[in-house]
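Below: one structure, written as structure tokens.
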Amino acid sequence: MPIRDLDINLTDEQKAMRDTIRKFGSEVMRPAGIELDKLDDPSEVIAEGSVLWDVYRKYREIGLHKRSIPKALGGMMEDMDIMSSILMAEEMGYWDSGLAISFGVDGMPFALAALSPDPELQSWARDYVEDTECKMTGCWAITEPDHGTDWLLRSEATNCSECVPNVRAELKGDEYILNGQKSAWVSNGTMATHANLHVSLDPSKGMAGTGLAVVRLDLPGISRGKPLDKIGQRPLNQGEIYFDDVKIPKNWMIVPDPALIEGTGEMGLARVNGGMGITFAGLARAAFDEAFKYSKERVQGGMPIFEHQNIKLKLFKMYKMVESACALSRRMALYNAANPLAPSAPPAVASKVLSTETAFQVASEAIQIFGGNGLSREYPVEKMFRDARAAMIEDGVNETLSIAATEFM
Ligand SMILES: Cc1cc2nc3c(=O)[nH]c(=O)nc-3n(C[C@H](O)[C@H](O)[C@H](O)COP(=O)(O)OP(=O)(O)OC[C@H]3O[C@@H](n4cnc5c(N)ncnc54)[C@H](O)[C@@H]3O)c2cc1C
């Protein structure tokens with residue numbers, strides 16, 4: 001008896017969209033993710049000729065990158081109903097969570113540029129939509145060597161001149177001058193051509209004195225660090241970005257007023273964490289499916305290990321956890337989509353924390369069900385375990401995210 005799909009009421013269009021991503025995920029993302037994960041040197045992930053670029057080109061050919069760009073600029077933002085967006089994020093996380101996150105941050109600077117009335121910035125969004133050769137790629141640069149959680153949890157000690165972001169922007173005439181460094185944790189930081197860049201505008205206010213710019217990364221004075229070598233989500237390449245007297249036009253500072261950033265804190269937390277919650281519910285399901293399938297194939301004690309009661313108990317517990325993570329992520333996403341101007345952070349953070357912890361625990365139990373094979377790189381579950389582990393720190397450490405979310409309860 002197959003495990004039933006609880007998604008009733010999907011339209012034919014939604015099913016077709018899910019099937020397209022399932023095909024892309026199983027044929028392209030999963031095998032490429034495994035290949036990229038096995039590369040010893042993370043520089044090889046973004047090297048010319050890497051399979052990463054084949055994945056990116058296919059992703060762009062399907063047109064999935066258009067999801068965050070308005071129709072007026074050639075995108076398909078308005079065409080994506082919320083259930084389609086949920087299915088898409090979940091499927092991407094299912095097939096390779098590191099690549100899913102890479103695709104997610106890829107579109108961020110172009111989506112931000114699309115919000116500007118400035119024709120030059122709008123043309124970036126339009127060109128990105130057309131770019132199937134992946135000449136334009138994006139990243140989200142917020143974390144700094146001296147400031148990770150400081151961007152999330154604020155206090156008197158962080159909102160003062162003693163605690164100033166590493167990257168500073170100083171207005172001189174019609175230009176901002178950028179100086180400083182973003183940390184090695186910037187996803188796509190090694191390969192992006194454009195960034196959403198969080199900067200200090202008013203050092204006297206510390207972490208409360210920041211703005212947000214959209215920046216081209218080929219300008220004089222910008223350099224990159226070496227790709228980061230890390231435990232999980234290795235197909236997601238990460239690295240530092242350095243700014244040395246970099247001049248950007250004033251109009252690239254999309255949010256030039258710190259009060260605006262502070263005022264939209266809940267929206268930012270809700271948006272970022274909502275996507276993470278859905279994506280990692282997908283990874284949790286993938287780990288469960290692998291364990292379930294293996295338990296029917298592996299014979300010990302003269303029967304498939306599925307027949308042993310301890311394995312059944314484990315599998316049912318995993319199933320229950322996965323369905324719970326999926327249920328919360330859907331409920332949260334539906335609520336926040338219905339309240340686009342005032343999305344709620346607590347359910348989004350709850351979903352991120354639940355899904356990433358579920359993915360980690362389910363992948364760990366999957367390794368147990370695989371026995372020795374679970375530890376081998378020949379089987380997919382040890383990679384899923386490492387990918388899930390990274391997610392519990394990604395986009396905010398789960399504990400500090402939880403504290404931040406209570407501020408909005
Ligand atoms: C896979 C992955 C992808 C990422 N992608 C991006 C990206 O695209 N762009 C980007 O800019 N960043 C990215 N990050 C960075 C990520 O957001 C940070 O790692 C995270 O915010 C934590 O910051 P930190 O690593 O500096 O840890 P720290 O802030 O140094 O925290 C260390 C420990 O101290 C605790 N702690 C810190 N401050 C407090 C406090 N005030 N109160 C209580 N406890 C505290 C934390 O909970 C944690 O356990 C990514 C990280 C990962 C792992």
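In the structure tokens, chains take letters A, B, ... by order of appearance, with residues numbered from 1 within each chain and ligands from 1 in the order shown.
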If you take only C-alpha atoms and all ligand atoms and a cut-off of 6 Å, which residues of chain A touch ligand 1, and what are their nearest atom pairs and distances in Å to one decimal, in chain and number order, as JSON lines?
```
{"residue": "A:Trp140", "atom": "CA", "partner": "ligand 1", "partner_atom_place_in_ligand_line": "9 (N)", "distance": 4.9}
{"residue": "A:Ala141", "atom": "CA", "partner": "ligand 1", "partner_atom_place_in_ligand_line": "11 (O)", "distance": 4.0}
{"residue": "A:Ile142", "atom": "CA", "partner": "ligand 1", "partner_atom_place_in_ligand_line": "11 (O)", "distance": 3.6}
{"residue": "A:Thr143", "atom": "CA", "partner": "ligand 1", "partner_atom_place_in_ligand_line": "11 (O)", "distance": 3.7}
{"residue": "A:His147", "atom": "CA", "partner": "ligand 1", "partner_atom_place_in_ligand_line": "26 (O)", "distance": 5.7}
{"residue": "A:Gly148", "atom": "CA", "partner": "ligand 1", "partner_atom_place_in_ligand_line": "26 (O)", "distance": 3.3}
{"residue": "A:Thr149", "atom": "CA", "partner": "ligand 1", "partner_atom_place_in_ligand_line": "29 (O)", "distance": 3.6}
{"residue": "A:Leu153", "atom": "CA", "partner": "ligand 1", "partner_atom_place_in_ligand_line": "41 (N)", "distance": 5.5}
{"residue": "A:Trp185", "atom": "CA", "partner": "ligand 1", "partner_atom_place_in_ligand_line": "14 (N)", "distance": 4.5}
{"residue": "A:Val186", "atom": "CA", "partner": "ligand 1", "partner_atom_place_in_ligand_line": "9 (N)", "distance": 3.8}
{"residue": "A:Ser187", "atom": "CA", "partner": "ligand 1", "partner_atom_place_in_ligand_line": "8 (O)", "distance": 3.8}
{"residue": "A:Ala390", "atom": "CA", "partner": "ligand 1", "partner_atom_place_in_ligand_line": "53 (C)", "distance": 4.9}
{"residue": "A:Ala391", "atom": "CA", "partner": "ligand 1", "partner_atom_place_in_ligand_line": "1 (C)", "distance": 5.8}
{"residue": "A:Ile393", "atom": "CA", "partner": "ligand 1", "partner_atom_place_in_ligand_line": "53 (C)", "distance": 4.8}
{"residue": "A:Glu394", "atom": "CA", "partner": "ligand 1", "partner_atom_place_in_ligand_line": "52 (C)", "distance": 3.5}
{"residue": "A:Asp395", "atom": "CA", "partner": "ligand 1", "partner_atom_place_in_ligand_line": "17 (O)", "distance": 3.6}
{"residue": "A:Gly396", "atom": "CA", "partner": "ligand 1", "partner_atom_place_in_ligand_line": "21 (O)", "distance": 3.7}
{"residue": "A:Val397", "atom": "CA", "partner": "ligand 1", "partner_atom_place_in_ligand_line": "47 (O)", "distance": 5.2}
{"residue": "A:Glu399", "atom": "CA", "partner": "ligand 1", "partner_atom_place_in_ligand_line": "47 (O)", "distance": 5.5}
{"residue": "A:Thr400", "atom": "CA", "partner": "ligand 1", "partner_atom_place_in_ligand_line": "47 (O)", "distance": 4.9}
```
Quiz prompt | Exercise: stretch 374-376 of chain A partners within 10 Å, only C-alpha atoms, chain neighbours under 5 positions left out, as an MDAnalysis selection string | solution = chainID A and resid 291 363:369 381:383 385
For the selection just defined, write its residues with C-alpha atoms to a file, as a compact mmCIF listing (two decimals), in the first residue's frame.
```
# COMPACT_ATOMS: atom_id res chain seq x y z
CA ALA A 291 14.44 5.01 4.87
CA ALA A 363 17.77 11.99 8.62
CA SER A 364 19.53 10.71 11.75
CA GLU A 365 16.91 7.97 12.21
CA ALA A 366 17.18 7.19 8.51
CA ILE A 367 20.90 6.53 9.01
CA GLN A 368 20.01 4.19 11.88
CA ILE A 369 17.57 2.28 9.64
CA VAL A 381 20.97 9.75 3.85
CA GLU A 382 24.31 10.82 5.33
CA LYS A 383 24.30 13.83 2.97
CA PHE A 385 21.82 14.53 7.63
```
Quiz item: When you draw a straight line from atom CA of A:Arg389 to atom CA of A:Glu357, how long is it in Å?
Solution: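 A separation of 8.2 Å between them.
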Quiz item: Restricting the calculation to only C-alpha atoms, which member of A:Leu228, A:Ala337, A:Leu313, A:Ala270 is positioned closest to A:Met80?
Solution: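 Comparing A:Leu228, A:Ala337, A:Leu313, A:Ala270 against A:Met80, the winner is A:Ala337.
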Who sits within 9 Å of A:Arg60, only C-alpha atoms, same chain under 4 positions skipped, as a PDB file with C-alpha atoms, in the first residue's frame:
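Final output, saved to around_4.pdb:
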```
ATOM      1  CA  VAL A  55      21.651  22.811 -13.241  1.00  0.00           C
ATOM      2  CA  TYR A  56      21.395  26.594 -13.240  1.00  0.00           C
ATOM      3  CA  LEU A  64      11.431  29.029 -12.388  1.00  0.00           C
ATOM      4  CA  HIS A  65      13.667  32.031 -11.600  1.00  0.00           C
ATOM      5  CA  LYS A  66      10.900  34.328 -12.876  1.00  0.00           C
ATOM      6  CA  VAL A 129      14.346  37.192 -16.433  1.00  0.00           C
ATOM      7  CA  GLU A 130      15.801  36.808 -19.937  1.00  0.00           C
ATOM      8  CA  ASP A 131      19.135  35.424 -18.769  1.00  0.00           C
ATOM      9  CA  THR A 132      19.128  31.684 -19.453  1.00  0.00           C
ATOM     10  CA  GLU A 133      22.958  31.642 -19.739  1.00  0.00           C
ATOM     11  CA  CYS A 134      23.252  32.572 -16.045  1.00  0.00           C
TER      12      CYS A 134
END
```
Quiz item: Looking only at the backbone, which of the residues in stretch 39-190 of chain A does DSSP tag as alpha helix (DSSP H), as a VMD selection string?
Solution: chain A and resid 51 to 62 82 to 95 97 to 106 108 to 114 119 to 130
Quiz prompt | Within 6 Å of stretch 31-46 of chain A using only C-alpha atoms, minus same-chain residues under 3 positions, as a PyMOL selection string | solution = chain A and resi 28+50+227+229+234-235
Keeping all heavy atoms, export the residues of the selection given above as a PDB file, in the first residue's frame.
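Wrote it out as out07.pdb, contents follow:
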```pdb
ATOM      1  N   VAL A  28      17.764  16.145 -12.496  1.00  0.00           N
ATOM      2  CA  VAL A  28      18.854  17.133 -12.570  1.00  0.00           C
ATOM      3  C   VAL A  28      19.407  17.481 -11.170  1.00  0.00           C
ATOM      4  O   VAL A  28      20.600  17.337 -10.912  1.00  0.00           O
ATOM      5  CB  VAL A  28      18.358  18.423 -13.284  1.00  0.00           C
ATOM      6  CG1 VAL A  28      19.487  19.445 -13.386  1.00  0.00           C
ATOM      7  CG2 VAL A  28      17.816  18.094 -14.674  1.00  0.00           C
ATOM      8  N   SER A  50      31.667  23.091 -14.299  1.00  0.00           N
ATOM      9  CA  SER A  50      31.024  22.368 -13.192  1.00  0.00           C
ATOM     10  C   SER A  50      29.567  22.080 -13.559  1.00  0.00           C
ATOM     11  O   SER A  50      28.898  22.879 -14.231  1.00  0.00           O
ATOM     12  CB  SER A  50      31.063  23.229 -11.924  1.00  0.00           C
ATOM     13  OG  SER A  50      30.121  22.754 -10.985  1.00  0.00           O
ATOM     14  N   PRO A 227      36.036  30.083  -1.671  1.00  0.00           N
ATOM     15  CA  PRO A 227      34.823  29.357  -1.304  1.00  0.00           C
ATOM     16  C   PRO A 227      34.989  28.594   0.016  1.00  0.00           C
ATOM     17  O   PRO A 227      36.031  27.992   0.271  1.00  0.00           O
ATOM     18  CB  PRO A 227      34.616  28.405  -2.475  1.00  0.00           C
ATOM     19  CG  PRO A 227      35.225  29.110  -3.633  1.00  0.00           C
ATOM     20  CD  PRO A 227      36.432  29.819  -3.067  1.00  0.00           C
ATOM     21  N   ASP A 229      34.644  25.872   2.930  1.00  0.00           N
ATOM     22  CA  ASP A 229      34.574  24.408   3.012  1.00  0.00           C
ATOM     23  C   ASP A 229      33.744  24.050   4.242  1.00  0.00           C
ATOM     24  O   ASP A 229      34.128  24.379   5.364  1.00  0.00           O
ATOM     25  CB  ASP A 229      36.009  23.869   3.161  1.00  0.00           C
ATOM     26  CG  ASP A 229      36.112  22.408   2.775  1.00  0.00           C
ATOM     27  OD1 ASP A 229      35.093  21.832   2.374  1.00  0.00           O
ATOM     28  OD2 ASP A 229      37.218  21.856   2.892  1.00  0.00           O
ATOM     29  N   ARG A 234      26.831  21.414   0.572  1.00  0.00           N
ATOM     30  CA  ARG A 234      28.071  21.779  -0.131  1.00  0.00           C
ATOM     31  C   ARG A 234      27.830  22.265  -1.569  1.00  0.00           C
ATOM     32  O   ARG A 234      28.634  23.043  -2.092  1.00  0.00           O
ATOM     33  CB  ARG A 234      29.057  20.607  -0.096  1.00  0.00           C
ATOM     34  CG  ARG A 234      29.600  20.339   1.300  1.00  0.00           C
ATOM     35  CD  ARG A 234      30.448  19.089   1.370  1.00  0.00           C
ATOM     36  NE  ARG A 234      31.656  19.162   0.583  1.00  0.00           N
ATOM     37  CZ  ARG A 234      32.794  19.708   0.980  1.00  0.00           C
ATOM     38  NH1 ARG A 234      32.875  20.245   2.176  1.00  0.00           N
ATOM     39  NH2 ARG A 234      33.844  19.717   0.190  1.00  0.00           N
ATOM     40  N   PRO A 235      26.737  21.870  -2.223  1.00  0.00           N
ATOM     41  CA  PRO A 235      26.479  22.462  -3.553  1.00  0.00           C
ATOM     42  C   PRO A 235      26.171  23.966  -3.471  1.00  0.00           C
ATOM     43  O   PRO A 235      26.221  24.670  -4.486  1.00  0.00           O
ATOM     44  CB  PRO A 235      25.250  21.696  -4.051  1.00  0.00           C
ATOM     45  CG  PRO A 235      25.287  20.401  -3.297  1.00  0.00           C
ATOM     46  CD  PRO A 235      25.819  20.758  -1.942  1.00  0.00           C
TER      47      PRO A 235
END
```
Practice problem: Would you list the contacts of stretch 99-116 of chain A as a list in words, taking every protein, DNA or RNA residue within 6 Å and counting only C-alpha atoms, but skipping same-chain residues closer than 3 positions in sequence? | Solution: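 My list of contacting residues is Ser68, Ile69, Met92, Gly93, Asp96, Leu121, Gln122, Ala125, Thr137, Gly138, Cys139, Ala195, Asn196, Val214 and Leu236 of chain A.
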Quiz item: Which residues come within 12 Å of A:Lys320, counting only C-alpha atoms, excluding same-chain residues fewer than 4 positions away, as a PyMOL selection string?
Solution: chain A and resi 284-285+288+313-316+324-327+358+362
Mind writing the picked residues with N, CA, C and O atoms as a PDB file, in the first residue's frame?
```
ATOM      1  N   ALA A 284      13.070  16.762   4.983  1.00  0.00           N
ATOM      2  CA  ALA A 284      12.655  15.755   5.978  1.00  0.00           C
ATOM      3  C   ALA A 284      11.904  14.617   5.281  1.00  0.00           C
ATOM      4  O   ALA A 284      12.129  13.432   5.553  1.00  0.00           O
ATOM      5  N   ARG A 285      11.030  14.995   4.353  1.00  0.00           N
ATOM      6  CA  ARG A 285      10.259  13.966   3.636  1.00  0.00           C
ATOM      7  C   ARG A 285      11.188  13.077   2.791  1.00  0.00           C
ATOM      8  O   ARG A 285      11.004  11.860   2.702  1.00  0.00           O
ATOM      9  N   PHE A 288      12.795  10.534   5.007  1.00  0.00           N
ATOM     10  CA  PHE A 288      11.828   9.489   5.372  1.00  0.00           C
ATOM     11  C   PHE A 288      11.621   8.511   4.202  1.00  0.00           C
ATOM     12  O   PHE A 288      11.645   7.285   4.379  1.00  0.00           O
ATOM     13  N   LEU A 313       8.265   1.113  14.326  1.00  0.00           N
ATOM     14  CA  LEU A 313       8.061   2.206  15.292  1.00  0.00           C
ATOM     15  C   LEU A 313       8.832   3.446  14.867  1.00  0.00           C
ATOM     16  O   LEU A 313       8.315   4.557  14.885  1.00  0.00           O
ATOM     17  N   LYS A 314      10.080   3.242  14.454  1.00  0.00           N
ATOM     18  CA  LYS A 314      10.903   4.371  14.002  1.00  0.00           C
ATOM     19  C   LYS A 314      10.242   5.044  12.803  1.00  0.00           C
ATOM     20  O   LYS A 314      10.109   6.261  12.751  1.00  0.00           O
ATOM     21  N   LEU A 315       9.841   4.228  11.829  1.00  0.00           N
ATOM     22  CA  LEU A 315       9.276   4.791  10.592  1.00  0.00           C
ATOM     23  C   LEU A 315       7.991   5.562  10.883  1.00  0.00           C
ATOM     24  O   LEU A 315       7.765   6.635  10.318  1.00  0.00           O
ATOM     25  N   PHE A 316       7.180   5.039  11.781  1.00  0.00           N
ATOM     26  CA  PHE A 316       5.927   5.759  12.033  1.00  0.00           C
ATOM     27  C   PHE A 316       6.191   7.089  12.725  1.00  0.00           C
ATOM     28  O   PHE A 316       5.560   8.103  12.422  1.00  0.00           O
ATOM     29  N   SER A 324       3.776  16.574  10.301  1.00  0.00           N
ATOM     30  CA  SER A 324       3.574  17.747  11.173  1.00  0.00           C
ATOM     31  C   SER A 324       4.328  18.958  10.628  1.00  0.00           C
ATOM     32  O   SER A 324       3.795  20.069  10.591  1.00  0.00           O
ATOM     33  N   ALA A 325       5.566  18.741  10.208  1.00  0.00           N
ATOM     34  CA  ALA A 325       6.366  19.855   9.671  1.00  0.00           C
ATOM     35  C   ALA A 325       5.717  20.400   8.395  1.00  0.00           C
ATOM     36  O   ALA A 325       5.627  21.617   8.197  1.00  0.00           O
ATOM     37  N   CYS A 326       5.257  19.493   7.530  1.00  0.00           N
ATOM     38  CA  CYS A 326       4.590  19.940   6.285  1.00  0.00           C
ATOM     39  C   CYS A 326       3.303  20.693   6.606  1.00  0.00           C
ATOM     40  O   CYS A 326       3.006  21.719   5.993  1.00  0.00           O
ATOM     41  N   ALA A 327       2.555  20.187   7.571  1.00  0.00           N
ATOM     42  CA  ALA A 327       1.261  20.813   7.901  1.00  0.00           C
ATOM     43  C   ALA A 327       1.470  22.230   8.415  1.00  0.00           C
ATOM     44  O   ALA A 327       0.791  23.170   7.980  1.00  0.00           O
ATOM     45  N   THR A 358      13.212  18.686  12.423  1.00  0.00           N
ATOM     46  CA  THR A 358      12.606  17.443  11.937  1.00  0.00           C
ATOM     47  C   THR A 358      13.504  16.801  10.880  1.00  0.00           C
ATOM     48  O   THR A 358      13.762  15.588  10.916  1.00  0.00           O
ATOM     49  N   VAL A 362      14.956  13.178  11.498  1.00  0.00           N
ATOM     50  CA  VAL A 362      14.505  12.129  10.577  1.00  0.00           C
ATOM     51  C   VAL A 362      15.690  11.575   9.783  1.00  0.00           C
ATOM     52  O   VAL A 362      15.804  10.361   9.578  1.00  0.00           O
TER      53      VAL A 362
END
```
Quiz item: Taking the backbone alone, and naming residues the way the document does, which bits of stretch 97-305 of chain A are strand (DSSP E or B) by DSSP, as a PyMOL selection string?
Solution: chain A and resi 138-141+144+147+168-172+175-182+187+194-200+210-216+222-224+238+241-249+253-255+299-300+303-304
Practice problem: Show which residues sit within 6 Å of A:Phe306, as a PyMOL selection string. Count only C-alpha atoms, and ignore same-chain residues fewer than 2 positions away. | Solution: chain A and resi 295-296+304+308+311
Filtering to all heavy atoms, could you give me those residues as a CSV table (one decimal), in the first residue's frame?
```csv
chain,number,residue,atom,x,y,z
A,295,SER,N,13.9,0.1,3.9
A,295,SER,CA,13.4,-0.9,4.9
A,295,SER,C,12.6,-2.1,4.2
A,295,SER,O,12.5,-3.2,4.8
A,295,SER,CB,12.5,-0.2,6.0
A,295,SER,OG,11.3,0.1,5.4
A,296,LYS,N,12.1,-1.8,3.1
A,296,LYS,CA,11.4,-2.8,2.3
A,296,LYS,C,12.3,-3.7,1.5
A,296,LYS,O,12.0,-4.8,1.1
A,296,LYS,CB,10.4,-2.2,1.3
A,296,LYS,CG,9.3,-1.3,2.0
A,296,LYS,CD,8.1,-2.1,2.3
A,296,LYS,CE,7.1,-1.2,3.0
A,296,LYS,NZ,5.7,-1.7,2.8
A,304,PRO,N,12.3,-8.6,5.2
A,304,PRO,CA,12.6,-7.2,5.1
A,304,PRO,C,12.6,-6.6,6.5
A,304,PRO,O,11.7,-6.9,7.3
A,304,PRO,CB,11.5,-6.6,4.2
A,304,PRO,CG,10.9,-7.8,3.5
A,304,PRO,CD,11.1,-9.0,4.4
A,308,HIS,N,10.3,-5.8,11.1
A,308,HIS,CA,10.7,-5.8,12.5
A,308,HIS,C,10.0,-4.6,13.2
A,308,HIS,O,10.0,-3.5,12.7
A,308,HIS,CB,12.2,-5.7,12.6
A,308,HIS,CG,12.9,-6.9,12.0
A,308,HIS,ND1,12.6,-8.2,12.3
A,308,HIS,CD2,13.9,-6.9,11.1
A,308,HIS,CE1,13.4,-9.0,11.6
A,308,HIS,NE2,14.2,-8.3,10.8
A,311,ILE,N,11.8,-1.2,13.7
A,311,ILE,CA,11.9,-0.4,12.5
A,311,ILE,C,10.5,0.3,12.2
A,311,ILE,O,10.4,1.4,11.8
A,311,ILE,CB,12.4,-1.2,11.3
A,311,ILE,CG1,13.7,-1.9,11.6
A,311,ILE,CG2,12.4,-0.4,10.0
A,311,ILE,CD1,14.9,-0.9,11.6
```
Quiz item: In Å, how far is it from atom CA of A:Ser183 to atom CA of A:Arg168?
Solution: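 Distance reported for this atom pair: 14.1 Å.
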Quiz item: So, counting only C-alpha atoms, which residue among A:Asn251, A:Lys135, A:Arg224, A:Asn373 is closest to A:Asp174?
Solution: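 Smallest distance to A:Asp174 is found for A:Asn251.
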Quiz item: Hey, can you check how far atom CA of A:Leu171 sits from atom CA of A:Lys250?
Solution: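 Separating atom CA of A:Leu171 from atom CA of A:Lys250 is a distance of 7.6 Å.
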